[in-house]
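*Asks:* One structure is given below, represented as structure tokens, and several questions about it will come after.
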Amino acid sequence: MRYTSNIQQLQHDSRYKAASGLMERLLHGELPEMSLLIELYGVQPAQILHRVFARFLEQHAESFGPPREHAHHASTEISAARSQIEESTDFQKLQFRILHREVPEVEELEPFYGAYSEQVRTILQLFMEHRLQRKCGITSAAHLNRVGVVVGKIGMDSPSEHLYATVGVMHDALEDLLDEVRDAHGNIYTVNEYQTFLDRYASPELHEHVRLITNFYDLLLSEIRARLSQEDHAMSKSNLMWALEDMYRHERVEIHPYLEKMHYILEGASLDGDVYAKAKWICYSELYIREMAIYTHSRGDYRTFEIKAIDLSDNGHGREALALDSRIKNLLKQQIYATYGSRLQSTWHGVNNRVAELQEDALVHAEHIIIRDFLQQQSFLDFAMSTLLKIISLRPILFTERPR
């Protein structure tokens, strides 16, 4: 649901229209009228806030592009499918079992995953055995199952086929399990043995899709961080570049393209501060989603790219329970998807709907982060400054690029 209960509650605030108007003026590079500030904050606070907003516009307005316009009629298919599956008693019973960390029976999975139910059961069991969980504390298996069932509900699979629904369940399998599960010899698989993992746990026709939706850059960076830590080396830029080169010399050839691209893009990047976090973000925003979009476009089949949209949407619909920095990162990930997806200029109805839905969701939620702050009356100066910083952080969502 695009307009969540929290957003609807804001919209019923008597000052919502004024707060929304203040945001609109700032996004258009216009200094808000004193009357608007007085309506929101009162006569005396309006004086100092007028100065705060004037300084912000003086320093930043020229660096912003045109404000992004709403697509009010953008698709809500993902959200609608999520609501519809939750009305199914079969789904409710299945999700109940999973949330209580009970491995479901194959028969319970068959309505959603058909011939792949045994494989789905094994993946869910591995997530439960290794206690993999969401930030809110529930098992990660619940997210996997919901994504898989939504994929099926939207209709990516032909009748009686469940391939893409199964890919939906397995979308995090490599990223989350390779460093947890042991092979037949008792060794952790690691990224170097991802194909052995796939051969053991997934049918061959699933492999390409699971590989494509997997963020191998995250896997490689995680392994590099672990290696450096074991050798008592800091995660500095120079050590990161050395580790990439060392992995290239010793890892399997199929990993080489990922290492080459990482080395190229990170070599010229500024990685001051938290090198690991910054490297992860650069690889996500400039490599992972972009390459998935380009590859699916080249194949003329966008279904795996669509599954990524469903994953992002599922991560996003509970974002209000997350810390602010996590909420903003989630929104920016949706924007990255929408940006690369729209650049494809595809005639594929499904992917265009996914792009439009994530774009509009990101914009609505980004704006309401700002509006919420403008409605605060205590510590109003602090909230005002914090909100202006959020506008800068949310710039890719709130503004479109200036024409070149």
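As shown in the structure tokens, the chain order sets the letters A, B, ...; within each chain, residues go from 1, and ligands are also counted from 1 in the order they appear.
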Do you know which residues are at most 9 Å from range 375-377 of chain A counting only C-alpha atoms, after dropping those on the same chain fewer than 2 positions away, and could you put them as a list in words?
*Replies:*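 My list of contacting residues is Leu10, Asp13, Arg15, Tyr16, Ala18, Ala19, Leu40, Tyr41, Ile370, Ile371, Arg372, Asp373, Ser379, Phe380, Leu381, Phe383 and Ala384 of chain A.
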*Asks:* I want to know what sits within 9 Å of Tyr337 in chain A, based on only C-alpha atoms, with residues of the same chain fewer than 6 positions away left out; could you give that as a PDB file with N, CA and C atoms, in the first residue's frame?
*Replies:*
```
ATOM      1  N   SER A 285      25.133   0.399  -6.548  1.00  0.00           N
ATOM      2  CA  SER A 285      24.502   1.463  -7.325  1.00  0.00           C
ATOM      3  C   SER A 285      25.048   1.592  -8.741  1.00  0.00           C
ATOM      4  N   ILE A 289      22.756  -3.527 -10.015  1.00  0.00           N
ATOM      5  CA  ILE A 289      21.438  -3.310 -10.614  1.00  0.00           C
ATOM      6  C   ILE A 289      21.571  -2.963 -12.092  1.00  0.00           C
ATOM      7  N   ARG A 290      22.544  -2.145 -12.424  1.00  0.00           N
ATOM      8  CA  ARG A 290      22.754  -1.751 -13.817  1.00  0.00           C
ATOM      9  C   ARG A 290      22.995  -2.970 -14.701  1.00  0.00           C
ATOM     10  N   ALA A 293      19.883  -5.109 -15.215  1.00  0.00           N
ATOM     11  CA  ALA A 293      18.979  -4.477 -16.177  1.00  0.00           C
ATOM     12  C   ALA A 293      19.468  -4.694 -17.608  1.00  0.00           C
ATOM     13  N   LYS A 308      13.477  -8.829  -8.760  1.00  0.00           N
ATOM     14  CA  LYS A 308      14.245  -7.912  -7.909  1.00  0.00           C
ATOM     15  C   LYS A 308      13.364  -6.761  -7.445  1.00  0.00           C
ATOM     16  N   ALA A 309      12.479  -6.287  -8.294  1.00  0.00           N
ATOM     17  CA  ALA A 309      11.559  -5.218  -7.885  1.00  0.00           C
ATOM     18  C   ALA A 309      10.636  -5.685  -6.770  1.00  0.00           C
ATOM     19  N   LEU A 312      12.639  -5.728  -3.577  1.00  0.00           N
ATOM     20  CA  LEU A 312      12.825  -4.371  -3.052  1.00  0.00           C
ATOM     21  C   LEU A 312      11.533  -3.824  -2.454  1.00  0.00           C
ATOM     22  N   VAL A 355       8.913  -0.763 -12.598  1.00  0.00           N
ATOM     23  CA  VAL A 355       9.705   0.462 -12.512  1.00  0.00           C
ATOM     24  C   VAL A 355       8.834   1.615 -12.020  1.00  0.00           C
ATOM     25  N   LEU A 358       7.887   1.209  -8.182  1.00  0.00           N
ATOM     26  CA  LEU A 358       8.971   1.509  -7.248  1.00  0.00           C
ATOM     27  C   LEU A 358       9.329   2.986  -7.275  1.00  0.00           C
ATOM     28  N   GLN A 359       9.282   3.604  -8.465  1.00  0.00           N
ATOM     29  CA  GLN A 359       9.595   5.032  -8.564  1.00  0.00           C
ATOM     30  C   GLN A 359       8.603   5.869  -7.758  1.00  0.00           C
TER      31      GLN A 359
END
```
*Asks:* Residues within 10 Å of Leu240 in chain A, please, as number ranges by chain. Count only C-alpha atoms; anything in the same chain fewer than 4 positions from it doesn't count.
*Replies:* A: 221, 224-225, 228, 233-236, 244-246, 263, 266-267, 275-276, 279
*Asks:* Restricted to N, CA and C atoms, what would the selected residues look like written as a compact mmCIF listing (two decimals), in the first residue's frame?
*Replies:*
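Okay, part_14.txt is ready:
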```
# COMPACT_ATOMS: atom_id res chain seq x y z
N LEU A 221 33.06 -8.75 -1.48
CA LEU A 221 33.51 -7.77 -0.48
C LEU A 221 33.45 -8.36 0.93
N ILE A 224 36.45 -10.60 1.26
CA ILE A 224 37.67 -9.80 1.40
C ILE A 224 37.79 -9.27 2.82
N ARG A 225 36.68 -8.77 3.36
CA ARG A 225 36.73 -8.24 4.73
C ARG A 225 37.12 -9.34 5.72
N LEU A 228 40.92 -10.14 5.33
CA LEU A 228 41.76 -9.09 5.90
C LEU A 228 41.73 -9.14 7.43
N HIS A 233 44.64 -7.26 9.08
CA HIS A 233 44.84 -6.10 8.21
C HIS A 233 43.58 -5.24 8.22
N ALA A 234 43.77 -3.95 8.18
CA ALA A 234 42.64 -3.03 8.17
C ALA A 234 41.95 -3.06 6.81
N MET A 235 40.66 -2.71 6.81
CA MET A 235 39.91 -2.62 5.56
C MET A 235 40.14 -1.23 4.96
N SER A 236 41.36 -0.99 4.50
CA SER A 236 41.69 0.28 3.85
C SER A 236 41.53 0.13 2.35
N LEU A 244 41.65 -7.64 -4.02
CA LEU A 244 40.99 -7.91 -5.30
C LEU A 244 41.97 -8.54 -6.29
N GLU A 245 43.17 -8.00 -6.32
CA GLU A 245 44.19 -8.53 -7.23
C GLU A 245 44.62 -9.94 -6.83
N ASP A 246 44.72 -10.17 -5.52
CA ASP A 246 45.11 -11.49 -5.04
C ASP A 246 44.02 -12.53 -5.34
N HIS A 263 37.50 -3.77 -9.36
CA HIS A 263 38.81 -3.10 -9.32
C HIS A 263 38.75 -1.81 -10.12
N LEU A 266 36.32 0.84 -8.24
CA LEU A 266 36.73 1.25 -6.91
C LEU A 266 38.09 1.94 -6.90
N GLU A 267 38.90 1.65 -7.90
CA GLU A 267 40.24 2.25 -7.95
C GLU A 267 40.18 3.77 -7.99
N VAL A 275 35.34 2.14 4.56
CA VAL A 275 35.69 1.66 3.22
C VAL A 275 34.74 0.55 2.77
N TYR A 276 34.45 -0.36 3.67
CA TYR A 276 33.59 -1.51 3.32
C TYR A 276 32.20 -1.04 2.91
N ALA A 279 32.31 0.91 -0.42
CA ALA A 279 32.56 0.03 -1.56
C ALA A 279 31.30 -0.77 -1.91
```
*Asks:* What parts of range 88-314 of chain A does DSSP call alpha helix (DSSP H)? I'd like the answer as a PyMOL selection string.
*Replies:* chain A and resi 89-99+106-113+117-129+140-154+163-169+173-177+194-201+204-213+216-230+237-250+256-267+275-283+289-299+303-314
*Asks:* Between CA of Ala81 in chain A and CA of Asp314 in chain A, what is the distance in Å, rounded to a tenth?
*Replies:*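 CA of Asp314 in chain A lies 11.1 Å from CA of Ala81 in chain A.
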*Asks:* May I have the residues within 8 Å of Leu206 in chain A as a list in words, using only C-alpha atoms and disregarding those fewer than 3 positions away in the same chain?
*Replies:* Leu163, Val167, Ala202, Ser203, His209 and Val210 of chain A
*Asks:* Go ahead and write the residues just picked, C-alpha atoms, as a PDB file, in the first residue's frame.
*Replies:*
```
ATOM      1  CA  LEU A 163      10.022 -21.562 -11.997  1.00  0.00           C
ATOM      2  CA  VAL A 167      13.567 -18.026  -8.082  1.00  0.00           C
ATOM      3  CA  ALA A 202      18.670 -26.060  -7.314  1.00  0.00           C
ATOM      4  CA  SER A 203      17.572 -27.561 -10.620  1.00  0.00           C
ATOM      5  CA  HIS A 209      18.206 -16.723 -12.766  1.00  0.00           C
ATOM      6  CA  VAL A 210      19.588 -17.243  -9.258  1.00  0.00           C
TER       7      VAL A 210
END
```
*Asks:* Rank A:Ser83, A:Asn315, A:Ser326, A:Thr400 by their smallest atom-to-atom distance to Ser140 in chain A, using only C-alpha atoms, and report the top residue only.
*Replies:* A:Asn315
*Asks:* Tell me which protein, DNA and RNA residues are within 12 Å of Arg299 in chain A, counting only C-alpha atoms, leaving out same-chain ones fewer than 5 positions away, and put them as a list in words.
*Replies:*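 That gives Glu208, His209, Met292, Ala293, Ile294, Thr304, Phe305 and Ser346 of chain A.
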*Asks:* Output C-alpha atoms of each residue in that selection to a file, as a compact mmCIF listing (two decimals), in the first residue's frame.
*Replies:*
```txt
# COMPACT_ATOMS: atom_id res chain seq x y z
CA GLU A 208 20.99 -18.65 -14.49
CA HIS A 209 18.21 -16.72 -12.77
CA MET A 292 21.05 -6.98 -14.19
CA ALA A 293 18.98 -4.48 -16.18
CA ILE A 294 21.29 -4.58 -19.19
CA THR A 304 14.36 -11.95 -13.10
CA PHE A 305 14.71 -8.16 -13.06
CA SER A 346 11.43 -1.42 -22.77
```
*Asks:* At what distance in Å, to one decimal, does CA of Leu26 in chain A lie from CA of Gln9 in chain A?
*Replies:*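 Straight-line distance from CA of Gln9 in chain A to CA of Leu26 in chain A works out to 23.1 Å.
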